[in-house]
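Remarks on the structure that follows.
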Number of protein chains: 2
Amino acid sequence: MDSLALHTDKYEINMMYAHWLNRTHQRKAVFDVYIRKLPFDNGYAVFAGLKRIVDYLQQLSFSDEEIAYLAAEEHYDPAFLDYLRQLRFTGDLWSVKEGEIVFAGEPWMRIEAPAGEAHLIETALLNMMNYQTLVATKAARIRQAAGNDTLLEFGSRRAQEVDAAIWGTRAAYLAGFDATSNLKAAMMFGIPSAGTHAHAWVQMHDSELDAFQRFAAALPEQTTLLVDTYDTLRSGIPNAIETAKRLAERGKRLKAIRLDSGDLAYLSIRAREMLDAAGLTDVKIAASSDLDELTIIHLKTQGARIDQWGVGTRLITCEGQPSLGGVYKLAAREREDGELEPALKISSNPAKISTPGVKNVYRIISEDTGKAIADYVCLAEEGDLSEAQELKLFNPEHPYLSRKVRRFRAVPLLTKVIEQGRLTCELPSLAESRAYHLERKGEFWPEYMRTLNPEVYHVHLSERLWNLKRSLIERYSFGN
Amino acid sequence: MDSLALHTDKYEINMMYAHWLNRTHQRKAVFDVYIRKLPFDNGYAVFAGLKRIVDYLQQLSFSDEEIAYLAAEEHYDPAFLDYLRQLRFTGDLWSVKEGEIVFAGEPWMRIEAPAGEAHLIETALLNMMNYQTLVATKAARIRQAAGNDTLLEFGSRRAQEVDAAIWGTRAAYLAGFDATSNLKAAMMFGIPSAGTHAHAWVQMHDSELDAFQRFAAALPEQTTLLVDTYDTLRSGIPNAIETAKRLAERGKRLKAIRLDSGDLAYLSIRAREMLDAAGLTDVKIAASSDLDELTIIHLKTQGARIDQWGVGTRLITCEGQPSLGGVYKLAAREREDGELEPALKISSNPAKISTPGVKNVYRIISEDTGKAIADYVCLAEEGDLSEAQELKLFNPEHPYLSRKVRRFRAVPLLTKVIEQGRLTCELPSLAESRAYHLERKGEFWPEYMRTLNPEVYHVHLSERLWNLKRSLIERYSFGN
């Protein structure tokens with residue numbers, strides 16, 4: 001991998017420099033990564049990007065070319081460049097697992113590192129986490145809409161450059177897609193690949209039937225024919241049926257036809273009738289054409305007979321909300337005496353006030369139903385909640401409301417992935433993370449999972465954490 | 001660069017295989033790249049991505065690892081894999097220049113290549129062209145809104161993965177941005193870099209004033225202070241003024257303050273008053289916070305006193321339309337006898353019917369005004385129009401309307417960039433392309449350039465091209 005050390009905002013390097021001059025660059029800083037609002041008005045998000053981030057942190061190191069660029073670009077002290085030349089990531093990374101169901105207002109990652117390093121990594125870490133989590137969340141919505149139908153990722157040509165095609169595909173597979181058309185992603189991550197042919201294949205031949213026959217002859221085990229180059233019902237499907245018959249003579253089956261334009265509900269119903277009437281009841285119908293969770297739900301409501309959904313543009317670019325607002329905020333800093341002190345960011349917008357302190361997150365699961373009740377954020381110094389018998393769920397937005405829960409499991413969501421720069425354990429494979437995602441989704445009532453107007457799942461703060469936040473807000477606020 | 005040969009859709013490889021089995025993979029195919037609709041309801045697009053595409057084509061070659069993957073993945077004939085192993089791009093690429101003002105319905109690139117190669121490159125070429133052109137167009141809109149103010153690209157943390165941050169920055173600079181915060185992009189492309197500090201810098205210190213002083217001491221030549229960590233008017237700006245005074249004692253000037261939240265119109269007006277009252281009339285005011293062309297226009301209308309605009313998320317993810325619908329359609333194919341035959345793609349949606357044949361595009365510039373009148377697409381076989389004295393502008397959407405123009409220059413937009421796989425000339429530098437963009441923009445009346453409800457600039461087809469298209473539509477249409 002090309003060095004990504006300079007894939008960072010200039011201000012990170014400038015802050016590192018100012019720290020270095022003040023000899024505070026080795027003081028510990030604790031940063032939280034979280035979002036303030038869920039994307040797509042969804043009820044949850046699907047955390048993704050950790051593998052990429054871990055690789056980035058493990059490989060983080062300035063190349064000679066990068067140091068030379070910085071030397072030419074600014075008047076940094078040469079000794080500062082020596083510090084950069086030696087720099088590796090030596091901090092700790094706590095993170096939820098890839099595929100985890102996560103919510104706004106709770107830390108998904110916690111970085112504890114020397115201030116210089118902690119600043120440097122902000123930009124790349126957010127860049128990677130924001131995009132993969134956004135795509136995974138969109139993909140989970142599409143999976144919700146598609147039920148058990150096959151979902152194919154087809155978005156490469158419209159993705160926002162190469163990495164988005166590759167890593168977006170990975171995130172889509174993590175959250176329930178079945179295959180991708182992008183072969184580089186398929187190779188890198190072991191994702192099943194899928195593909196048909198283009199209109200150009202038909203146009204390259206003297207007739208559509210000729211084009212279909214030749215394509216089927218070349219790939220008899222996996223032929224899907226695109227039927228809308230000239231006229232879906234009058235040319236494409238009849239020629240596909242004829243091709244299927246000739247394949248059958250050789251003991252092969254046509255796998256599917258693909259609709260790519262026109263009214264997909266009407267055309268798929270007619271196509272099903274025509275295929276069935278020709279005895280091709282096992283030939284699947286695939287559809288593509290600017291699909292997303294909404295069009296899939298509506299097509300199903302209209303009785304569309306589509307077995308496989310090719311979803312491209314709107315998934316890979318996250319149509320509707322092309323960015324996730326993940327932030328990286330200081331939660332605590334090391335004082336001169338070596339003690340960690342909670343830090344706060346004030347804002348006139350209450351949603352933008354950060355939650356101070358070194359924190360843990362627990363998922364509270366009912367022992368009776370096996371379902372999640374709420375998430376619970378508390379200070380690390382409150383100790384391990386796994387053994388707690390009773391918990392007070394306290395809602396900071398409505399502090400007069402609270403309730404007690406008993407008979408629960410408190411499952412910690414953050415685990416230490418990197419300790420002093422070293423990986424603490426092997427990360428799960430993509431297939432394992434995909435299975436983990438499905439399993440964790442099963443812990444939520446369907447009300448939280450629906451794509452429209454989901455029930456709000458609450459993230460609670462411990463009373464001690466809330467009191468700390470309130471006292472810091474008072475300390476840092478200017479009198480009105 | 002990592003091999004991008006498999007950054008392609010599986011169907012491209014499958015079509016290559018079917019061609020190869022039929023011994024048609026070396027037959028020439030001509031593809032056009034174009035869009036059907038301009039993004040953002042804008043009046044034009046800014047073409048970008050050529051440099052990246054040329055590098056991709058020049059380096060295109062399957063690695064051993066990629067061949068091994070394909071061998072394991074599908075039952076391709078081993079001799080086909082040998083063909084892939086030897087494959088290089090040997091075709092011709094015609095393209096408009098980066099920074100060119102372009103429109104829907106005209107070819108921006110034309111690829112003439114052996115069918116196998118022409119299929120293979122579709123996905124990567126569209127992926128790169130679509131994103132960079134989309135960002136360049138968005139950036140041009142923002143430049144239009146910002147007038148001569150300084151525009152800073154700040155989007156990396158919200159970009160759709162690493163490549164989007166890097167190549168999006170390049171596209172933004174091409175279309176008129178002044179600097180970027182992303183140091184990797186700055187280094188790769190020679191773009192000026194810019195940066196301030198984060199809220200965390202302030203939070204890391206015991207007081208905001210202390211944080212400002214230390215930052216200013218570290219970077220006295222380029223200090224921009226972020227003033228909204230606690231309270232913009234009551235803390236941030238007074239502390240920035242105090243810092244400026246202490247800098248002045250050392251003969252240095254505070255460069256700027258940055259507003260990042262709250263009502264930017266009100267705060268910038270108050271900030272200007274406060275700075276001016278302190279004698280700091282030369283200290284600039286920078287602003288950021290989900291800005292785009294619309295917010296910039298509105299803030300200016302409200303009298304905001306902002307000199308520098310930090311534009312991030314909405315630029316780099318192309319909020320409003322995160323994908324450009326660039327397509328790659330067969331325009332002509334080599335017949336068995338070696339002749340090129342025009343090809344057509346029919347659709348029930350008239351806008352989706354392709355324009356057949358090997359084509360050129362000219363910009364028709366009035367000799368009297370120096371301004372562009374229209375673009376004109378004709379068949380390459382119609383010869384060079386540069387010497388034409390009279391032209392009939394014929395509108396296929398309203399075929400009963402036409403007009404004659406005289407006293408014009410017909411400037412060809414497509415030039416041959418790659419011939420039989422080899423670069424025909426050195427590509428311009430990014431700075432040259434940026435200057436070219438500005439120059440070509442000057443050839444358009446402002447009516448076409450405005451961000452809201454622009455006047456429609458027409459792309460005309462030659463009568464001969466239109467007749468060819470009509471006759472092919474008749475040939476390929478099924479009777480109603």
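Convention: chains lettered A, B, ... in structure tokens order; per-chain residue numbering from 1; ligands numbered from 1 as shown.
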- Message: Please find the residues of chain A near chain B - the criterion being any atom within 6 Å, counting only C-alpha atoms - and write them as an MDAnalysis selection string.
- Response: chainID A and resid 6:11 18 123 126:128 131 157:158 160:161 163:164 181:184 195:197 200 215 218 230 317 322:323 330 346
- Task: Step one, run DSSP on the backbone; step two, keep only residues of region 240-367 of chain B assigned to strand (DSSP E or B); then write them as a PyMOL selection string.
- Result: chain B and resi 256-259+284-288+308-311+327-334+340-342+359-366
- Nearest residue to Trp309 (chain A) from the set A:Leu275, A:Ala45, A:Ala71, A:Leu151 (distances using only C-alpha atoms): A:Leu151
Can you tell me, as a tab-separated table (two decimals) with N, CA, C and O atoms, in the first residue's frame, what residues are no more than 10 Å from Gly279 (chain B) when counting only C-alpha atoms, ignoring any on the same chain fewer than 4 positions away?
```
chain	number	residue	atom	x	y	z
B	241	ILE	N	-8.08	38.40	19.22
B	241	ILE	CA	-7.59	39.78	19.13
B	241	ILE	C	-6.38	39.97	20.06
B	241	ILE	O	-5.36	40.56	19.67
B	245	LYS	N	-2.53	40.94	18.98
B	245	LYS	CA	-1.75	42.04	19.54
B	245	LYS	C	-0.36	41.56	19.98
B	245	LYS	O	0.64	42.22	19.74
B	273	GLU	N	-16.54	43.79	12.78
B	273	GLU	CA	-16.58	45.01	13.60
B	273	GLU	C	-15.55	44.93	14.72
B	273	GLU	O	-14.82	45.89	14.97
B	274	MET	N	-15.52	43.79	15.39
B	274	MET	CA	-14.61	43.66	16.53
B	274	MET	C	-13.15	43.72	16.09
B	274	MET	O	-12.31	44.35	16.74
B	275	LEU	N	-12.84	43.04	14.98
B	275	LEU	CA	-11.46	43.06	14.47
B	275	LEU	C	-11.08	44.47	14.04
B	275	LEU	O	-9.99	44.97	14.37
B	283	VAL	N	-6.96	41.32	9.08
B	283	VAL	CA	-7.19	39.93	9.48
B	283	VAL	C	-8.43	39.41	8.75
B	283	VAL	O	-9.50	40.02	8.81
```
- Task: Write out as a list in words the residues lying within 6 Å of region 415-417 of chain B, counting only C-alpha atoms and excluding same-chain residues fewer than 4 positions away.
- Result: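 Within the cut-off, the hits are Leu93, Trp94, Ser95, Leu423 and Thr424 of chain B.
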With N, CA and C atoms retained, export the selected residues as an mmCIF file, in the first residue's frame.
```
data_model
loop_
_atom_site.group_PDB
_atom_site.id
_atom_site.type_symbol
_atom_site.label_atom_id
_atom_site.label_comp_id
_atom_site.auth_asym_id
_atom_site.auth_seq_id
_atom_site.Cartn_x
_atom_site.Cartn_y
_atom_site.Cartn_z
ATOM 1 N N LEU B 93 -7.520 6.672 -28.062
ATOM 2 C CA LEU B 93 -8.420 7.426 -27.187
ATOM 3 C C LEU B 93 -8.501 8.861 -27.678
ATOM 4 N N TRP B 94 -9.698 9.280 -27.999
ATOM 5 C CA TRP B 94 -9.970 10.683 -28.298
ATOM 6 C C TRP B 94 -10.666 11.280 -27.094
ATOM 7 N N SER B 95 -10.322 12.493 -26.759
ATOM 8 C CA SER B 95 -10.939 13.077 -25.564
ATOM 9 C C SER B 95 -10.985 14.591 -25.648
ATOM 10 N N LEU B 423 0.763 7.352 -25.912
ATOM 11 C CA LEU B 423 0.427 8.750 -25.702
ATOM 12 C C LEU B 423 0.931 9.580 -26.884
ATOM 13 N N THR B 424 0.084 10.422 -27.448
ATOM 14 C CA THR B 424 0.497 11.214 -28.616
ATOM 15 C C THR B 424 1.214 12.489 -28.205
#
```
Could you find all residues in region 194-416 of chain A that DSSP calls helix (DSSP H, G or I) from the backbone, and write them as a CSV table (one decimal) with N, CA and C atoms, in the first residue's frame?
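So the final result, stored in part-v6.csv, reads:
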```csv
chain,number,residue,atom,x,y,z
A,199,HIS,N,-25.3,-4.2,-23.1
A,199,HIS,CA,-26.0,-4.0,-24.4
A,199,HIS,C,-25.0,-4.1,-25.5
A,200,ALA,N,-23.8,-3.6,-25.3
A,200,ALA,CA,-22.9,-3.6,-26.4
A,200,ALA,C,-22.6,-5.0,-27.0
A,201,TRP,N,-22.7,-6.0,-26.1
A,201,TRP,CA,-22.5,-7.4,-26.6
A,201,TRP,C,-23.5,-7.7,-27.7
A,202,VAL,N,-24.8,-7.3,-27.4
A,202,VAL,CA,-25.8,-7.6,-28.4
A,202,VAL,C,-25.6,-6.8,-29.6
A,203,GLN,N,-25.2,-5.5,-29.4
A,203,GLN,CA,-25.0,-4.6,-30.6
A,203,GLN,C,-23.8,-5.1,-31.4
A,208,GLU,N,-29.8,-10.2,-32.1
A,208,GLU,CA,-29.8,-10.5,-30.7
A,208,GLU,C,-29.7,-12.0,-30.4
A,209,LEU,N,-30.4,-12.8,-31.2
A,209,LEU,CA,-30.4,-14.2,-31.0
A,209,LEU,C,-29.0,-14.8,-31.2
A,210,ASP,N,-28.3,-14.3,-32.2
A,210,ASP,CA,-26.9,-14.7,-32.4
A,210,ASP,C,-26.1,-14.3,-31.2
A,211,ALA,N,-26.3,-13.1,-30.7
A,211,ALA,CA,-25.5,-12.7,-29.6
A,211,ALA,C,-25.8,-13.5,-28.4
A,212,PHE,N,-27.0,-13.8,-28.1
A,212,PHE,CA,-27.4,-14.7,-26.9
A,212,PHE,C,-26.8,-16.1,-27.1
A,213,GLN,N,-26.9,-16.7,-28.3
A,213,GLN,CA,-26.4,-18.0,-28.5
A,213,GLN,C,-24.9,-18.1,-28.2
A,214,ARG,N,-24.2,-17.1,-28.7
A,214,ARG,CA,-22.7,-17.1,-28.6
A,214,ARG,C,-22.3,-16.9,-27.1
A,215,PHE,N,-23.1,-16.1,-26.4
A,215,PHE,CA,-22.8,-15.8,-25.0
A,215,PHE,C,-23.0,-17.1,-24.2
A,216,ALA,N,-24.2,-17.7,-24.5
A,216,ALA,CA,-24.5,-18.9,-23.7
A,216,ALA,C,-23.6,-20.1,-24.0
A,217,ALA,N,-23.1,-20.1,-25.3
A,217,ALA,CA,-22.1,-21.2,-25.6
A,217,ALA,C,-20.8,-21.0,-24.8
A,218,ALA,N,-20.4,-19.7,-24.6
A,218,ALA,CA,-19.2,-19.4,-24.0
A,218,ALA,C,-19.3,-19.7,-22.5
A,232,THR,N,-37.9,-5.6,-25.0
A,232,THR,CA,-37.8,-6.6,-24.0
A,232,THR,C,-38.8,-7.7,-24.3
A,233,LEU,N,-40.1,-7.4,-24.5
A,233,LEU,CA,-41.1,-8.4,-24.6
A,233,LEU,C,-41.2,-9.0,-26.0
A,234,ARG,N,-40.9,-8.2,-27.1
A,234,ARG,CA,-41.0,-8.8,-28.4
A,234,ARG,C,-39.8,-9.4,-29.0
A,235,SER,N,-38.6,-9.0,-28.4
A,235,SER,CA,-37.4,-9.5,-29.0
A,235,SER,C,-36.5,-10.2,-27.9
A,236,GLY,N,-36.3,-9.5,-26.8
A,236,GLY,CA,-35.4,-10.0,-25.8
A,236,GLY,C,-35.8,-11.3,-25.1
A,237,ILE,N,-37.0,-11.3,-24.6
A,237,ILE,CA,-37.4,-12.6,-23.9
A,237,ILE,C,-37.6,-13.7,-24.8
A,238,PRO,N,-38.3,-13.5,-26.0
A,238,PRO,CA,-38.4,-14.6,-27.0
A,238,PRO,C,-37.0,-15.2,-27.4
A,239,ASN,N,-36.1,-14.3,-27.6
A,239,ASN,CA,-34.7,-14.8,-28.0
A,239,ASN,C,-34.1,-15.5,-26.8
A,240,ALA,N,-34.3,-15.1,-25.6
A,240,ALA,CA,-33.8,-15.7,-24.4
A,240,ALA,C,-34.4,-17.1,-24.2
A,241,ILE,N,-35.7,-17.2,-24.5
A,241,ILE,CA,-36.3,-18.5,-24.4
A,241,ILE,C,-35.8,-19.5,-25.5
A,242,GLU,N,-35.6,-19.0,-26.7
A,242,GLU,CA,-35.0,-19.8,-27.7
A,242,GLU,C,-33.6,-20.3,-27.3
A,243,THR,N,-32.8,-19.4,-26.7
A,243,THR,CA,-31.5,-19.7,-26.3
A,243,THR,C,-31.5,-20.8,-25.2
A,244,ALA,N,-32.5,-20.6,-24.3
A,244,ALA,CA,-32.6,-21.6,-23.2
A,244,ALA,C,-32.9,-23.0,-23.8
A,245,LYS,N,-33.8,-23.0,-24.8
A,245,LYS,CA,-34.1,-24.3,-25.4
A,245,LYS,C,-32.9,-25.0,-26.0
A,246,ARG,N,-32.1,-24.2,-26.7
A,246,ARG,CA,-30.9,-24.8,-27.3
A,246,ARG,C,-29.9,-25.2,-26.2
A,247,LEU,N,-29.8,-24.4,-25.1
A,247,LEU,CA,-28.9,-24.8,-24.0
A,247,LEU,C,-29.4,-26.2,-23.5
A,248,ALA,N,-30.8,-26.3,-23.4
A,248,ALA,CA,-31.3,-27.5,-22.8
A,248,ALA,C,-31.0,-28.7,-23.6
A,249,GLU,N,-30.9,-28.5,-25.0
A,249,GLU,CA,-30.5,-29.6,-25.8
A,249,GLU,C,-29.1,-30.2,-25.5
A,264,LEU,N,-40.4,-2.2,-14.4
A,264,LEU,CA,-39.9,-3.5,-13.9
A,264,LEU,C,-41.0,-4.4,-13.3
A,265,ALA,N,-42.0,-3.8,-12.8
A,265,ALA,CA,-43.1,-4.6,-12.2
A,265,ALA,C,-43.8,-5.3,-13.3
A,266,TYR,N,-44.3,-4.5,-14.3
A,266,TYR,CA,-45.0,-5.1,-15.4
A,266,TYR,C,-44.2,-6.1,-16.2
A,267,LEU,N,-43.0,-5.7,-16.5
A,267,LEU,CA,-42.1,-6.5,-17.4
A,267,LEU,C,-41.8,-7.8,-16.7
A,268,SER,N,-41.5,-7.8,-15.4
A,268,SER,CA,-41.2,-9.0,-14.7
A,268,SER,C,-42.3,-10.0,-14.6
A,269,ILE,N,-43.5,-9.5,-14.4
A,269,ILE,CA,-44.7,-10.3,-14.4
A,269,ILE,C,-44.9,-11.0,-15.7
A,270,ARG,N,-44.8,-10.2,-16.8
A,270,ARG,CA,-45.0,-10.8,-18.2
A,270,ARG,C,-43.8,-11.7,-18.4
A,271,ALA,N,-42.6,-11.4,-18.0
A,271,ALA,CA,-41.5,-12.3,-18.3
A,271,ALA,C,-41.7,-13.6,-17.6
A,272,ARG,N,-42.2,-13.6,-16.3
A,272,ARG,CA,-42.4,-14.8,-15.6
A,272,ARG,C,-43.4,-15.7,-16.3
A,273,GLU,N,-44.5,-15.0,-16.8
A,273,GLU,CA,-45.5,-15.8,-17.6
A,273,GLU,C,-44.9,-16.4,-18.8
A,274,MET,N,-44.1,-15.6,-19.5
A,274,MET,CA,-43.6,-16.2,-20.8
A,274,MET,C,-42.6,-17.3,-20.5
A,275,LEU,N,-41.7,-17.1,-19.5
A,275,LEU,CA,-40.8,-18.2,-19.2
A,275,LEU,C,-41.5,-19.4,-18.7
A,276,ASP,N,-42.5,-19.2,-17.8
A,276,ASP,CA,-43.2,-20.4,-17.3
A,276,ASP,C,-43.9,-21.1,-18.4
A,277,ALA,N,-44.5,-20.4,-19.3
A,277,ALA,CA,-45.3,-21.0,-20.4
A,277,ALA,C,-44.3,-21.8,-21.3
A,293,GLU,N,-33.7,0.7,-1.7
A,293,GLU,CA,-34.7,0.1,-0.8
A,293,GLU,C,-36.1,0.5,-1.1
A,294,LEU,N,-36.3,1.7,-1.5
A,294,LEU,CA,-37.6,2.2,-1.7
A,294,LEU,C,-38.2,1.6,-3.0
A,295,THR,N,-37.5,1.6,-4.1
A,295,THR,CA,-38.0,1.0,-5.3
A,295,THR,C,-38.2,-0.5,-5.1
A,296,ILE,N,-37.4,-1.1,-4.4
A,296,ILE,CA,-37.6,-2.6,-4.2
A,296,ILE,C,-38.9,-2.8,-3.4
A,297,ILE,N,-39.1,-2.1,-2.3
A,297,ILE,CA,-40.4,-2.2,-1.6
A,297,ILE,C,-41.6,-2.0,-2.5
A,298,HIS,N,-41.5,-0.9,-3.3
A,298,HIS,CA,-42.7,-0.6,-4.1
A,298,HIS,C,-42.9,-1.7,-5.2
A,299,LEU,N,-41.8,-2.1,-5.8
A,299,LEU,CA,-41.9,-3.2,-6.9
A,299,LEU,C,-42.5,-4.4,-6.3
A,300,LYS,N,-42.1,-4.8,-5.1
A,300,LYS,CA,-42.6,-6.0,-4.4
A,300,LYS,C,-44.1,-5.8,-4.1
A,301,THR,N,-44.5,-4.6,-3.7
A,301,THR,CA,-45.9,-4.3,-3.4
A,301,THR,C,-46.7,-4.4,-4.6
A,313,THR,N,-25.7,2.4,-8.3
A,313,THR,CA,-25.5,3.8,-8.0
A,313,THR,C,-26.0,4.2,-6.6
A,314,ARG,N,-27.2,3.9,-6.3
A,314,ARG,CA,-27.8,4.5,-5.1
A,314,ARG,C,-27.3,3.8,-3.9
A,315,LEU,N,-26.8,2.6,-4.0
A,315,LEU,CA,-26.1,2.0,-2.9
A,315,LEU,C,-24.7,2.6,-2.7
A,316,ILE,N,-23.9,2.5,-3.8
A,316,ILE,CA,-22.5,2.8,-3.6
A,316,ILE,C,-22.2,4.3,-3.4
A,350,PRO,N,-27.2,22.1,21.3
A,350,PRO,CA,-27.0,21.0,22.4
A,350,PRO,C,-26.5,19.7,21.8
A,351,ALA,N,-27.0,19.3,20.6
A,351,ALA,CA,-26.6,18.0,20.1
A,351,ALA,C,-25.0,18.0,19.8
A,352,LYS,N,-24.4,19.2,19.7
A,352,LYS,CA,-23.0,19.2,19.4
A,352,LYS,C,-22.1,19.3,20.6
A,380,ALA,N,-15.5,4.6,32.3
A,380,ALA,CA,-14.7,3.4,32.5
A,380,ALA,C,-14.4,3.2,34.0
A,381,GLU,N,-14.3,4.3,34.7
A,381,GLU,CA,-13.9,4.1,36.2
A,381,GLU,C,-15.1,3.6,37.0
A,382,GLU,N,-16.3,3.5,36.3
A,382,GLU,CA,-17.4,2.9,37.0
A,382,GLU,C,-17.3,1.4,37.1
```
- Message: Using Å and a single decimal, report how far CA of Cys378 (chain A) sits from CA of Arg422 (chain A).
- Response: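 For CA of Arg422 (chain A) relative to CA of Cys378 (chain A), the distance reads 26.2 Å.
Between CA of Thr133 (chain A) and CA of Arg440 (chain A) lies a distance of 15.7 Å.
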- Item | Residues within 9 Å of Ile373 (chain B), only C-alpha atoms, excluding chain neighbours under 5 positions, as a VMD selection string | chain B and resid 363 to 366 408 444 457 to 458
- Quick one, how far is CA of Asn360 (chain A) from CA of Lys138 (chain A)? 26.6 Å
